[in-house]
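Reviewing the structure listed below.
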Amino acid sequence: MNFRGILIGFWRKNYSNDYHQSDDKSMLIVNVVNRLNIIHPVTRRITYIDVLVGIYLLWSVLNMLFIARLPFGNILLWKWSIVLGIYLVVRNIPWKDPILWILVLVGTAQSLCAIGQHAGYIASNHRWFDVTGFMGNPGQLGGFQAVTFVAVFVLLKKNVHSRIAGCVLFSLLLLIGYSMWLADSRAGGVAVLAGLIALYWLEIRPFLTRHKRLLWPIFVVVIGLGILVFNYRADSAKARLLIWRVSANMIADKPVTGHGVGAFNRQYMLYQADYFEQNPDSQFRMVADNTAYPYNEFLHIWIELGLIGLLLVLGIVYMAVIIPPDKTMSAPLVAWLVFSCFSYPSYKLELLALSPILLGLVGGKAMFQIKRKFGVFASILIAAIVLSVGIHGYILRNRVNHKALLLIKSYDQQDANYVSMHVRQLYPDFRFNTLYLYNVLKYPKIAIESAFDGIMPTSENWCDIGDYYFKNGVYDCAENYYRTAAWMVPTRITPNYLLWKMYMQQNRVEDAQVIENYLLVLPLKVENTVTIRIKNEVREAMRE
C-alpha cells in the first residue's frame, strides 16, 4: 500500500464519522492535516513564565544595544537566540516525561565517559583534571549530573508502580551518582540536596511539623556541613568571596540598569585591580587570579542587567518554583538554580541550555489563553528558525577563531581582514581575545586600538596591549596597561618586570629602583624557572 492509501485508511478509521467519508481526496488530506494540528488554529495557554521570559529577553536586547552598546550581531545575541529557540521547542512539545528521559540518558552517557576517563581509556578535556565527562572541567560535569540525578528521582516518583522502570532508573541513579563522586563538585552536591528537598518537600514538611524539636539539630547540622564544605577547598572558597566582594563594588556603581550585557568580562578585572590598589594588604591577595566568571548567576545578572533584570529573574523563579502547577517537575530546576549560585552555567552552553528546558518542563500558571493561527508543529518550526540563528552565530565564532589560529602560523591578508572585521562581534569571547592579541603583537598593522576597550581584561591580555604600545613608542599607554595588569593579580611578577624593563630602557633610574625593590620581596603563588630568572636579572642590574 502506498503512502496515500495509508493516509486515506487512517482518516477513514479515525475521522469518517466527522467527515462522512468525503470522496474529495484533497479535502480529505486537508482535514487530516488540520486534525493533526499542523496548521489548524489551536488554543494555547500563555503562562506568567512565558511573559516574564519574553520581557527579560527584550530587556536584555535593549540593554545590549543601548547600555552595553554592543553591535546587534554580537555573540551574546546568538547565545540568547539558542536559549529562546530551545524554550519555544520545549513549551510546544506536549510530552514532558520523554524530555526528562532524554536528559537522564545524556547524564548516563556523561557518566560512562567520566568512568572511562577515570579508568584511563578516554582522554580528559582538561590538562589538570582527569575526569570531565563531555564538559570542560569537573565542576561543569558535577552541575550537569546534579540536574540529571534529581531528574532520575522525579521519574522514579512518576513510575513508582512500574517495577521495570524502577529497576532501570535505580541502575542509572547509581551510575550518575558515581560520576558525581568522581567529579568531586561541592556545588553539584549542594544542588542535589536542594533538588531532593524540593521534590519531597510535601512529605518532609508534615514530618517537621510533627517533630519540631528536630529543627534545631537540623539547623546545627546544616551549619556544620556548610563549614565543612567551605574548608574542603578553602582557597577556592576564599577566591569566590573575593569575586563577590569586588562584584558588590560593580553593583554599587550601577544598581538599577546595570553595566550592560557582557560587562562582567569587560570590566570585572579592572574593578579587581582598583580594589587591590586601594587595599594592597588585603587578605584575598594570595587567592586572586584572572577571573572570567562571577560564580553566582544572580550577581551576574544584577551586575549586567541591573535590578530590573534581577527582579524579572526572581519573578520567573517564583512562578516556576514557589507556585508551579506541578512541583515535581520543578525539582531539577531547583538543583540548577542552587548550582548557579556557586558556579557559572550561563558561560557553558550545555549547562545554559538546561535552563530553558527545565523552565519549559515546569509550564507554569496560566495568565491568559490565545487562539493561535499555527499549530504545534508549525510553532516548533518557528522555534527551530530562531534556534538556527544562534547556531549560525556559533559556527561563525568557530570560523573566526580558526582564521585567527591560521594567522599565527602564517600571515594571510584575507584571514587578517576577516578576523579584524569580526572583533566586536566576538566581545568578550575568551579564546578569541587571546588569539587576537597574539596576532596584534605579531602583525601590528591588524590592530584596531578602538577595539581594545572591549577585550576581556586579564593580567596577560593587558601585558600584551602594553607591549603593543611599548613597541610603538606610546610609553604613557604602555605604563598604564602594565600598572593595571600588576594590580589585577598582585602575585604576578610579569607586569612589574615589563614595567621595570621599560623604565630601564627610558633611563628612569628612580622609578626602576622602586620596581626592583618591590620585585625582590613580591610574594608569589608559585616559584618557577621564570620567576627565578627574572629575580636574578633584577639582582644583577642592581649590582651594576
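Letters for chains follow the order of the C-alpha cells (A, B, ...), residue numbers begin at 1 for each chain, and ligand numbers begin at 1 in the order shown.
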key: Residue contacts of region 245-257 of chain A (12 Å, only C-alpha atoms) excluding same-chain residues fewer than 4 positions away, as a VMD selection string   = chain A and resid 59 to 60 62 to 64 66 to 68 238 to 241 261 263 to 276 278 to 279 282 to 284 288 291 293 to 311 488
Resulting file, chosen residues, N, CA and C atoms, as a compact mmCIF listing (two decimals), in the first residue's frame:
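Result went into result16.txt, see below:
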# COMPACT_ATOMS: atom_id res chain seq x y z
N TRP A 59 14.41 43.02 27.53
CA TRP A 59 15.26 43.93 28.30
C TRP A 59 16.75 43.65 28.03
N SER A 60 17.10 42.38 27.89
CA SER A 60 18.49 42.01 27.62
C SER A 60 18.95 42.59 26.29
N LEU A 62 17.63 45.23 24.63
CA LEU A 62 17.70 46.69 24.75
C LEU A 62 18.94 47.11 25.54
N ASN A 63 19.22 46.37 26.60
CA ASN A 63 20.39 46.65 27.42
C ASN A 63 21.67 46.48 26.61
N MET A 64 21.71 45.43 25.80
CA MET A 64 22.90 45.17 24.98
C MET A 64 23.13 46.29 23.98
N PHE A 66 21.77 49.58 23.98
CA PHE A 66 21.79 50.98 24.40
C PHE A 66 22.59 51.24 25.68
N ILE A 67 22.88 50.20 26.46
CA ILE A 67 23.71 50.39 27.66
C ILE A 67 25.10 49.80 27.44
N ALA A 68 25.15 48.53 27.02
CA ALA A 68 26.45 47.94 26.71
C ALA A 68 27.00 48.46 25.39
N LYS A 238 37.68 31.09 49.30
CA LYS A 238 38.10 32.48 49.52
C LYS A 238 38.16 33.26 48.21
N ALA A 239 38.57 32.59 47.14
CA ALA A 239 38.61 33.25 45.83
C ALA A 239 37.22 33.69 45.41
N ARG A 240 36.22 32.86 45.70
CA ARG A 240 34.84 33.25 45.39
C ARG A 240 34.41 34.44 46.24
N LEU A 241 34.82 34.46 47.49
CA LEU A 241 34.47 35.59 48.36
C LEU A 241 35.08 36.88 47.81
N VAL A 261 25.03 44.14 29.12
CA VAL A 261 25.27 42.73 28.80
C VAL A 261 26.74 42.52 28.43
N ALA A 263 29.20 42.93 30.43
CA ALA A 263 30.08 43.88 31.13
C ALA A 263 30.95 43.20 32.18
N PHE A 264 30.50 42.08 32.74
CA PHE A 264 31.32 41.44 33.77
C PHE A 264 32.70 41.10 33.20
N ASN A 265 32.72 40.51 32.02
CA ASN A 265 34.00 40.12 31.43
C ASN A 265 34.80 41.32 30.92
N ARG A 266 34.12 42.39 30.57
CA ARG A 266 34.83 43.56 30.05
C ARG A 266 35.31 44.50 31.16
N GLN A 267 34.77 44.34 32.39
CA GLN A 267 35.10 45.32 33.42
C GLN A 267 35.55 44.73 34.76
N TYR A 268 35.22 43.47 35.04
CA TYR A 268 35.48 42.96 36.39
C TYR A 268 36.93 43.09 36.80
N MET A 269 37.87 42.67 35.95
CA MET A 269 39.28 42.69 36.34
C MET A 269 39.80 44.11 36.57
N LEU A 270 39.19 45.09 35.92
CA LEU A 270 39.56 46.48 36.18
C LEU A 270 39.12 46.88 37.59
N TYR A 271 37.95 46.40 38.00
CA TYR A 271 37.48 46.65 39.37
C TYR A 271 38.37 45.92 40.38
N GLN A 272 38.80 44.71 40.03
CA GLN A 272 39.66 43.97 40.94
C GLN A 272 41.01 44.68 41.10
N ALA A 273 41.54 45.23 39.99
CA ALA A 273 42.79 46.00 40.06
C ALA A 273 42.61 47.21 40.97
N ASP A 274 41.49 47.89 40.84
CA ASP A 274 41.22 49.06 41.68
C ASP A 274 41.09 48.66 43.15
N TYR A 275 40.47 47.50 43.41
CA TYR A 275 40.31 47.02 44.79
C TYR A 275 41.67 46.78 45.44
N PHE A 276 42.58 46.11 44.74
CA PHE A 276 43.88 45.81 45.33
C PHE A 276 44.78 47.04 45.41
N GLN A 278 43.66 49.92 46.21
CA GLN A 278 43.19 50.60 47.41
C GLN A 278 43.40 49.76 48.67
N ASN A 279 43.51 48.43 48.49
CA ASN A 279 43.69 47.53 49.63
C ASN A 279 44.88 46.60 49.36
N SER A 282 45.24 43.29 51.42
CA SER A 282 44.00 42.52 51.57
C SER A 282 44.29 41.04 51.85
N GLN A 283 43.42 40.44 52.66
CA GLN A 283 43.54 39.01 52.96
C GLN A 283 43.34 38.14 51.73
N PHE A 284 42.74 38.73 50.68
CA PHE A 284 42.47 37.97 49.45
C PHE A 284 43.63 38.01 48.46
N ALA A 288 43.94 35.73 44.68
CA ALA A 288 43.50 36.46 43.48
C ALA A 288 44.06 35.82 42.22
N THR A 291 39.92 36.41 36.51
CA THR A 291 38.56 35.93 36.74
C THR A 291 37.70 36.16 35.52
N TYR A 293 34.51 34.47 35.50
CA TYR A 293 33.15 34.10 35.90
C TYR A 293 32.84 34.69 37.28
N PRO A 294 31.57 35.07 37.50
CA PRO A 294 31.19 35.63 38.80
C PRO A 294 30.89 34.57 39.87
N TYR A 295 30.75 33.31 39.46
CA TYR A 295 30.44 32.20 40.38
C TYR A 295 29.15 32.44 41.15
N ASN A 296 28.27 33.21 40.59
CA ASN A 296 26.92 33.38 41.12
C ASN A 296 26.11 34.07 40.03
N GLU A 297 25.16 33.35 39.45
CA GLU A 297 24.43 33.89 38.31
C GLU A 297 23.50 35.04 38.69
N PHE A 298 23.03 35.07 39.93
CA PHE A 298 22.17 36.17 40.34
C PHE A 298 22.98 37.47 40.46
N LEU A 299 24.20 37.36 40.98
CA LEU A 299 25.10 38.53 40.99
C LEU A 299 25.43 38.94 39.56
N HIS A 300 25.67 37.95 38.71
CA HIS A 300 25.99 38.20 37.31
C HIS A 300 24.88 39.02 36.64
N ILE A 301 23.65 38.60 36.86
CA ILE A 301 22.51 39.31 36.27
C ILE A 301 22.39 40.72 36.83
N TRP A 302 22.59 40.88 38.14
CA TRP A 302 22.49 42.20 38.76
C TRP A 302 23.57 43.14 38.22
N ILE A 303 24.78 42.62 38.04
CA ILE A 303 25.89 43.44 37.52
C ILE A 303 25.58 43.92 36.10
N GLU A 304 25.09 43.03 35.26
CA GLU A 304 24.94 43.36 33.84
C GLU A 304 23.58 43.96 33.51
N LEU A 305 22.50 43.43 34.09
CA LEU A 305 21.16 43.87 33.75
C LEU A 305 20.50 44.70 34.84
N GLY A 306 21.23 44.91 35.94
CA GLY A 306 20.73 45.76 36.99
C GLY A 306 19.60 45.13 37.79
N LEU A 307 19.02 45.95 38.66
CA LEU A 307 17.91 45.49 39.50
C LEU A 307 16.71 45.12 38.64
N ILE A 308 16.56 45.76 37.49
CA ILE A 308 15.44 45.44 36.59
C ILE A 308 15.54 43.98 36.14
N GLY A 309 16.71 43.59 35.66
CA GLY A 309 16.90 42.21 35.21
C GLY A 309 16.79 41.22 36.35
N LEU A 310 17.35 41.57 37.52
CA LEU A 310 17.30 40.66 38.67
C LEU A 310 15.86 40.41 39.11
N LEU A 311 15.04 41.46 39.19
CA LEU A 311 13.64 41.28 39.61
C LEU A 311 12.87 40.43 38.62
N MET A 488 45.85 43.83 38.91
CA MET A 488 44.80 42.83 38.68
C MET A 488 45.06 41.56 39.49
Residues within 12 Å of Ala451 (chain A), only C-alpha atoms, excluding chain neighbours under 6 positions, as a PyMOL selection string = chain A and resi 70+266+420-428+433+436-437+440+465
Write out, as an mmCIF file, in the first residue's frame, the residues just selected, with C-alpha atoms.
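Okay, part12.cif is ready:
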data_model
loop_
_atom_site.group_PDB
_atom_site.id
_atom_site.type_symbol
_atom_site.label_atom_id
_atom_site.label_comp_id
_atom_site.auth_asym_id
_atom_site.auth_seq_id
_atom_site.Cartn_x
_atom_site.Cartn_y
_atom_site.Cartn_z
ATOM 1 C CA LEU A 70 27.423 46.154 21.578
ATOM 2 C CA ARG A 266 34.832 43.559 30.051
ATOM 3 C CA SER A 420 39.541 42.260 12.111
ATOM 4 C CA MET A 421 36.027 42.553 10.686
ATOM 5 C CA HIS A 422 34.567 40.356 13.461
ATOM 6 C CA VAL A 423 36.471 41.662 16.501
ATOM 7 C CA ARG A 424 33.479 43.480 18.004
ATOM 8 C CA GLN A 425 31.067 40.655 17.240
ATOM 9 C CA LEU A 426 33.121 38.325 19.428
ATOM 10 C CA TYR A 427 33.221 40.552 22.526
ATOM 11 C CA PRO A 428 34.037 39.050 25.010
ATOM 12 C CA ASN A 433 40.665 37.707 22.816
ATOM 13 C CA TYR A 436 43.625 38.292 18.556
ATOM 14 C CA LEU A 437 46.147 39.977 20.865
ATOM 15 C CA VAL A 440 48.317 42.006 17.096
ATOM 16 C CA ILE A 465 48.399 45.524 24.928
#
Could you build a table of the residues in region 173-208 of chain A lying no more than 12 Å from region 217-223 of chain A, giving for each the nearest pair of atoms and their separation in Å rounded to one decimal place, using only C-alpha atoms, ordered by chain and ascending residue number, as JSON lines?
{"residue": "A:Val190", "atom": "CA", "partner": "A:Val222", "partner_atom": "CA", "distance": 10.9}
{"residue": "A:Leu193", "atom": "CA", "partner": "A:Val222", "partner_atom": "CA", "distance": 11.1}
{"residue": "A:Ala194", "atom": "CA", "partner": "A:Val222", "partner_atom": "CA", "distance": 11.9}
{"residue": "A:Leu208", "atom": "CA", "partner": "A:Ile218", "partner_atom": "CA", "distance": 10.2}
message = So that I can check the surroundings of region 138-144 of chain A, please list as an MDAnalysis selection string every protein, DNA and RNA residue that reaches within 9 Å of it, counting only C-alpha atoms and ignoring chain neighbours fewer than 4 positions away.
response = chainID A and resid 107 110 114 126 129:134 148:149 179:189 191:192 335:336 339:340 343:345 348 350:351 354
Write a file of the selected residues as a compact mmCIF listing (two decimals), in the first residue's frame, keeping N, CA and C atoms.
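This went into part31.txt:
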# COMPACT_ATOMS: atom_id res chain seq x y z
N GLY A 107 22.82 12.25 30.77
CA GLY A 107 23.60 12.12 32.00
C GLY A 107 24.26 10.77 32.12
N GLN A 110 27.26 10.81 29.93
CA GLN A 110 28.30 11.56 30.64
C GLN A 110 28.98 10.67 31.68
N ALA A 114 32.85 9.71 31.95
CA ALA A 114 33.64 10.04 33.14
C ALA A 114 34.33 8.81 33.71
N HIS A 126 40.51 18.42 30.02
CA HIS A 126 41.26 19.43 30.78
C HIS A 126 42.64 18.88 31.11
N PHE A 129 42.77 18.06 35.12
CA PHE A 129 41.81 17.15 35.75
C PHE A 129 41.61 15.91 34.88
N ASP A 130 41.52 14.76 35.53
CA ASP A 130 41.38 13.50 34.79
C ASP A 130 39.94 13.24 34.36
N VAL A 131 38.97 13.75 35.11
CA VAL A 131 37.56 13.45 34.86
C VAL A 131 36.80 14.74 34.56
N THR A 132 36.25 14.82 33.35
CA THR A 132 35.45 15.99 32.95
C THR A 132 34.17 15.59 32.24
N GLY A 133 34.00 14.31 31.89
CA GLY A 133 32.87 13.93 31.05
C GLY A 133 32.98 14.62 29.70
N PHE A 134 31.85 15.08 29.16
CA PHE A 134 31.86 15.83 27.91
C PHE A 134 32.16 17.31 28.15
N THR A 148 20.58 15.90 36.33
CA THR A 148 20.09 14.60 35.85
C THR A 148 19.85 13.63 37.02
N PHE A 149 20.64 13.76 38.08
CA PHE A 149 20.45 12.92 39.26
C PHE A 149 19.07 13.16 39.87
N SER A 179 29.46 9.04 38.94
CA SER A 179 30.14 10.08 38.15
C SER A 179 30.21 11.39 38.93
N MET A 180 29.19 11.68 39.74
CA MET A 180 29.24 12.88 40.58
C MET A 180 30.33 12.76 41.64
N TRP A 181 30.49 11.57 42.17
CA TRP A 181 31.56 11.33 43.14
C TRP A 181 32.92 11.56 42.49
N LEU A 182 33.07 11.11 41.25
CA LEU A 182 34.33 11.32 40.54
C LEU A 182 34.57 12.80 40.23
N ALA A 183 33.48 13.52 39.95
CA ALA A 183 33.61 14.95 39.64
C ALA A 183 34.03 15.75 40.86
N ASP A 184 33.63 15.29 42.05
CA ASP A 184 34.02 15.94 43.31
C ASP A 184 33.65 17.42 43.31
N SER A 185 32.41 17.70 42.93
CA SER A 185 31.93 19.08 42.84
C SER A 185 31.10 19.42 44.08
N ARG A 186 31.57 20.41 44.86
CA ARG A 186 30.82 20.84 46.04
C ARG A 186 29.49 21.46 45.64
N ALA A 187 29.51 22.32 44.62
CA ALA A 187 28.28 22.97 44.17
C ALA A 187 27.28 21.93 43.66
N GLY A 188 27.78 20.90 42.98
CA GLY A 188 26.90 19.84 42.49
C GLY A 188 26.23 19.08 43.63
N GLY A 189 27.00 18.79 44.69
CA GLY A 189 26.44 18.08 45.84
C GLY A 189 25.37 18.89 46.54
N ALA A 191 23.57 21.20 45.17
CA ALA A 191 22.45 21.29 44.23
C ALA A 191 21.57 20.05 44.32
N VAL A 192 22.17 18.88 44.42
CA VAL A 192 21.40 17.63 44.55
C VAL A 192 20.56 17.66 45.82
N ALA A 335 17.61 22.35 41.52
CA ALA A 335 19.01 21.90 41.55
C ALA A 335 19.87 22.80 40.66
N TRP A 336 19.36 23.14 39.47
CA TRP A 336 20.12 24.01 38.55
C TRP A 336 20.30 25.39 39.17
N PHE A 339 22.88 25.29 42.00
CA PHE A 339 24.21 25.15 41.40
C PHE A 339 24.68 26.50 40.84
N SER A 340 23.75 27.25 40.25
CA SER A 340 24.12 28.53 39.64
C SER A 340 24.51 29.57 40.68
N SER A 343 28.37 28.68 40.81
CA SER A 343 29.11 28.35 39.60
C SER A 343 28.71 29.31 38.47
N TYR A 344 28.93 28.90 37.23
CA TYR A 344 28.74 29.82 36.10
C TYR A 344 28.09 29.11 34.90
N PRO A 345 26.90 28.52 35.08
CA PRO A 345 26.29 27.77 33.98
C PRO A 345 25.97 28.60 32.75
N LYS A 348 28.61 28.22 29.91
CA LYS A 348 28.77 26.93 29.23
C LYS A 348 27.45 26.59 28.57
N GLU A 350 26.12 24.05 27.15
CA GLU A 350 25.44 22.81 27.54
C GLU A 350 24.71 22.96 28.88
N LEU A 351 25.29 23.73 29.80
CA LEU A 351 24.64 23.98 31.08
C LEU A 351 23.56 25.05 30.97
N LEU A 354 20.15 23.91 29.79
CA LEU A 354 19.27 23.24 30.76
C LEU A 354 18.19 24.18 31.28
message = Give me, as a PyMOL selection string, all polymer residues having an atom no more than 12 Å from region 498-513 of chain A, counting only C-alpha atoms and skipping those fewer than 5 positions away in the same chain.
response = chain A and resi 459-460+462-467+469-471+473-486+492-493+518-520+534-535+537-539+541-543
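DSSP, applied to the backbone of this structure, assigns strand (DSSP E or B) to the following residues of region 265-505 of chain A: Ala366, Met367, Phe368, Gln369, Ile370, Lys371 and Arg372 of chain A.
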inquiry  = Can you measure CA of Ile197 (chain A) to CA of Val317 (chain A) for me? One decimal in Å is fine.
reply    = 16.4 Å
Can you pull out every residue within 10 Å of Met319 (chain A), counting only C-alpha atoms, but drop anything in the same chain fewer than 3 positions away, and send it as a PDB file with C-alpha atoms, in the first residue's frame?
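Resulting contents of part-v4.pdb:
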ATOM      1  CA  THR A  47       1.821  31.426  31.339  1.00  0.00           C
ATOM      2  CA  TYR A  48       3.326  34.020  33.649  1.00  0.00           C
ATOM      3  CA  ILE A  49       6.689  32.387  32.985  1.00  0.00           C
ATOM      4  CA  LEU A  52       8.369  37.133  32.150  1.00  0.00           C
ATOM      5  CA  VAL A 313      14.578  36.628  37.011  1.00  0.00           C
ATOM      6  CA  LEU A 314      13.338  36.396  40.595  1.00  0.00           C
ATOM      7  CA  GLY A 315       9.793  36.646  39.236  1.00  0.00           C
ATOM      8  CA  ILE A 316      10.485  33.723  36.888  1.00  0.00           C
ATOM      9  CA  ILE A 322       7.136  28.532  44.535  1.00  0.00           C
ATOM     10  CA  ILE A 323       3.748  28.290  42.782  1.00  0.00           C
ATOM     11  CA  PRO A 324       4.166  25.871  39.853  1.00  0.00           C
ATOM     12  CA  PRO A 325       1.226  23.661  38.836  1.00  0.00           C
ATOM     13  CA  LEU A 359      11.517  26.051  32.565  1.00  0.00           C
ATOM     14  CA  VAL A 362       7.549  23.290  34.537  1.00  0.00           C
ATOM     15  CA  GLY A 363       4.975  25.035  32.329  1.00  0.00           C
ATOM     16  CA  GLY A 364       3.738  27.480  34.927  1.00  0.00           C
ATOM     17  CA  LYS A 365       0.461  29.090  35.917  1.00  0.00           C
TER      18      LYS A 365
END
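Neighbours of Trp201 (chain A) closer than or equal to 10 Å, with only C-alpha atoms counted and sequence neighbours fewer than 4 positions away skipped, come out as Gly195, Leu196, Ile197, Arg205, Pro206, Phe207, Lys327, Thr328 and Ala331 of chain A.
A straight line drawn from CA of His402 (chain A) to CA of Asp289 (chain A) is 27.7 Å long.
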request  = Check the smallest atom-to-atom distance from each of A:Leu349, A:Arg285, A:Arg69, A:Trp216 to Gly390 (chain A) using only C-alpha atoms, then report the winner.
outcome  = A:Leu349
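Every protein, DNA or RNA residue with an atom at most 8 Å from region 89-103 of chain A, where only C-alpha atoms count and chain neighbours fewer than 4 positions away do not, is listed here: Gly85, Gly107, Thr148, Ala151, Leu155, Pro356, Ile357, Gly360, Leu361, Gly363, Val376, Ser379, Ile380, Ala383 and Ala384 of chain A.
Closest approach to Leu88 (chain A) from the set A:Ala416, A:Val489, A:Leu105, A:Ile385 is made by A:Ile385, with distances taken over only C-alpha atoms.
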